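**Q** Structure in structure tokens, see below.
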Amino acid sequence: MRRFWERIEFSILAAGVAIAGCFWAFVELSEVARDASPHAFDTEILLSFREAGQPDNPIGPRWLEEAVRDVTSLGSMAVLVLITAAAILYLLLIRKRFEALVVLVAVGGGQILSSALKLGIDRPRPDLVPHLVDVQTLSFPSGHAMLSAVTYLTLGALLARVQEGRHIQAFLMGLAVFITLLVGMSRVYLGVHWPSDVLAGWAVGAAWAALCWFVALQLQRRGKVEDPGESSHP
């Protein structure tokens, strides 16, 4: 029992440090976003995705540009809403109402937070290179990067929690992280976000997903809701 409580206390501490670290990174990046001129690392990284002296020509073959457009759609509102709705419906069908609520709060709350942060920072899109896709909203933080982190990390953690094998859990979380990273990098390649926009989106998205999941776990440990491993059938 003592080791059990020690593990819980360590998980609380680790989660607190991770969440605080992500929010701290976001605050630091927001200062970069508020600068009148782009930061050197933003311009250097953005230009590294273009042929030297040709800002309108992305690096790599033509098929890569098309592939990146396909990848970036994994973080689009339409795709994320479809994935989230399917996950919630599935969880309701198997009577996992609490887990469905966690997904709804995490993704829905993440969308509201993303919109509020964009209005708060009011950073325009990069004009250093041509945009390879149409964009209408503000730049900071990257909504694709943030909502991908929220959605895929939340679903990855949910799926991993109901699996017993550690290698399967690691695969599911690794896949969620991989997709999140791909979506974020695609936004820089397409020239529609500064790298600091994407880093900030990852930071606040991961922090929000971790916070929602941490609260859910604490409620389960205190017996407020059913544990995922318990049967919810009568």
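Chains: A, B, ... in order of the structure tokens. Residues: from 1 per chain. Ligands: from 1, in order shown.
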So which residues touch A:Val135 within 10 Å, counting only C-alpha atoms, skipping near sequence neighbours fewer than 6 positions away, as a list of chain:residue names?

**A**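 Everything that qualifies: A:Arg125, A:Val192, A:His193.
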
**Q** DSSP on the backbone, alpha helix (DSSP H) only: what residues of stretch 6-149 of chain A does that give? Format it as a count of residues only.

**A** 98

**Q** Could you list, as an MDAnalysis selection string, every residue within 9 Å of A:Leu138, counting only C-alpha atoms and ignoring same-chain residues fewer than 3 positions away?

**A** chainID A and resid 118:119 121:125 135 141:142

**Q** Ranking A:Gly21, A:Gly110, A:Gly184, A:Gly205 by minimum distance to A:Val68 and counting only C-alpha atoms, which one comes first?

**A**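 Going through A:Gly21, A:Gly110, A:Gly184, A:Gly205 one by one, the smallest distance to A:Val68 is for A:Gly184.
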
**Q** Distance atom CA of A:Leu199-atom CA of A:Asp70, one decimal place?

**A**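 Straight-line distance from atom CA of A:Leu199 to atom CA of A:Asp70 works out to 20.7 Å.
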
**Q** Against stretch 75-82 of chain A, which residues of stretch 93-172 of chain A fall within 12 Å? For each one I want the closest pair of atoms and the distance in Å (one decimal), counting only C-alpha atoms, rows by chain and increasing residue number, as a tab-separated table.

**A**
```
residue	atom	partner	partner_atom	distance
A:Val103	CA	A:Val81	CA	11.2
A:Leu104	CA	A:Val81	CA	10.2
A:Val107	CA	A:Val81	CA	8.7
A:Gly108	CA	A:Val81	CA	9.4
A:Gly110	CA	A:Leu80	CA	11.6
A:Gln111	CA	A:Met77	CA	9.3
A:Ser114	CA	A:Met77	CA	12.0
A:Val135	CA	A:Ser76	CA	11.3
A:Ser142	CA	A:Gly75	CA	10.1
A:Gly143	CA	A:Gly75	CA	8.2
A:His144	CA	A:Gly75	CA	4.7
A:Ala145	CA	A:Gly75	CA	7.0
A:Met146	CA	A:Gly75	CA	8.8
A:Leu147	CA	A:Gly75	CA	6.9
A:Ser148	CA	A:Gly75	CA	5.3
A:Ala149	CA	A:Gly75	CA	9.0
A:Val150	CA	A:Leu80	CA	10.0
A:Thr151	CA	A:Leu80	CA	7.2
A:Tyr152	CA	A:Leu80	CA	8.9
A:Leu155	CA	A:Leu80	CA	11.3
```

**Q** What does the file look like for those residues with N, CA and C atoms, as a compact mmCIF listing (two decimals), in the first residue's frame?

**A**
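Just written: again-v6.txt:
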```txt
# COMPACT_ATOMS: atom_id res chain seq x y z
N VAL A 103 -12.94 12.98 -23.54
CA VAL A 103 -12.58 13.33 -24.92
C VAL A 103 -13.29 14.61 -25.34
N LEU A 104 -14.56 14.73 -25.02
CA LEU A 104 -15.33 15.92 -25.40
C LEU A 104 -14.78 17.17 -24.74
N VAL A 107 -11.03 17.96 -26.20
CA VAL A 107 -10.99 18.48 -27.58
C VAL A 107 -11.81 19.77 -27.70
N GLY A 108 -13.02 19.78 -27.13
CA GLY A 108 -13.84 20.98 -27.20
C GLY A 108 -13.21 22.14 -26.46
N GLY A 110 -10.05 22.47 -25.87
CA GLY A 110 -8.84 22.84 -26.60
C GLY A 110 -9.15 23.79 -27.75
N GLN A 111 -10.27 23.56 -28.44
CA GLN A 111 -10.67 24.44 -29.54
C GLN A 111 -10.97 25.84 -29.03
N SER A 114 -7.68 27.48 -28.02
CA SER A 114 -6.90 27.86 -29.20
C SER A 114 -7.41 29.17 -29.80
N VAL A 135 -5.07 30.05 -45.87
CA VAL A 135 -5.31 30.21 -44.43
C VAL A 135 -6.05 31.51 -44.21
N SER A 142 -0.25 27.79 -33.41
CA SER A 142 -0.75 26.97 -34.52
C SER A 142 -1.92 26.12 -34.03
N GLY A 143 -3.10 26.37 -34.62
CA GLY A 143 -4.26 25.58 -34.24
C GLY A 143 -4.12 24.12 -34.64
N HIS A 144 -3.52 23.87 -35.81
CA HIS A 144 -3.30 22.49 -36.24
C HIS A 144 -2.41 21.75 -35.25
N ALA A 145 -1.30 22.39 -34.85
CA ALA A 145 -0.37 21.75 -33.93
C ALA A 145 -1.01 21.53 -32.56
N MET A 146 -1.71 22.54 -32.07
CA MET A 146 -2.31 22.46 -30.74
C MET A 146 -3.42 21.42 -30.68
N LEU A 147 -4.36 21.48 -31.64
CA LEU A 147 -5.50 20.56 -31.59
C LEU A 147 -5.10 19.14 -31.96
N SER A 148 -4.06 18.98 -32.76
CA SER A 148 -3.54 17.64 -33.02
C SER A 148 -2.98 17.04 -31.73
N ALA A 149 -2.23 17.86 -30.99
CA ALA A 149 -1.68 17.39 -29.72
C ALA A 149 -2.81 17.00 -28.76
N VAL A 150 -3.81 17.87 -28.65
CA VAL A 150 -4.92 17.59 -27.75
C VAL A 150 -5.65 16.31 -28.16
N THR A 151 -6.02 16.22 -29.43
CA THR A 151 -6.84 15.09 -29.89
C THR A 151 -6.09 13.77 -29.88
N TYR A 152 -4.94 13.74 -30.54
CA TYR A 152 -4.23 12.48 -30.69
C TYR A 152 -3.60 12.00 -29.38
N LEU A 155 -6.57 10.66 -27.19
CA LEU A 155 -7.03 9.36 -27.66
C LEU A 155 -5.95 8.29 -27.47
```

**Q** Just want the 9 Å neighbourhood of A:His39, counted on only C-alpha atoms, with same-chain residues fewer than 6 positions away dropped. Output as a PyMOL selection string.

**A** chain A and resi 32-33+196

**Q** Please write the residues from the selection above to a file, keeping N, CA and C atoms, as a PDB file, in the first residue's frame.

**A**
```pdb
ATOM      1  N   VAL A  32       8.159  35.853 -27.943  1.00  0.00           N
ATOM      2  CA  VAL A  32       8.735  35.864 -29.294  1.00  0.00           C
ATOM      3  C   VAL A  32       7.686  36.313 -30.301  1.00  0.00           C
ATOM      4  N   ALA A  33       6.459  35.829 -30.139  1.00  0.00           N
ATOM      5  CA  ALA A  33       5.390  36.162 -31.080  1.00  0.00           C
ATOM      6  C   ALA A  33       5.014  37.638 -31.026  1.00  0.00           C
ATOM      7  N   SER A 196       7.913  29.030 -34.163  1.00  0.00           N
ATOM      8  CA  SER A 196       7.496  29.324 -32.787  1.00  0.00           C
ATOM      9  C   SER A 196       5.990  29.152 -32.609  1.00  0.00           C
TER      10      SER A 196
END
```

**Q** For each of A:Leu93, A:Ala106, A:Ile45, A:Ile112, take the minimum atom-to-atom distance to A:Trp208, counting only C-alpha atoms, then give the residue where this is smallest.

**A** A:Ala106
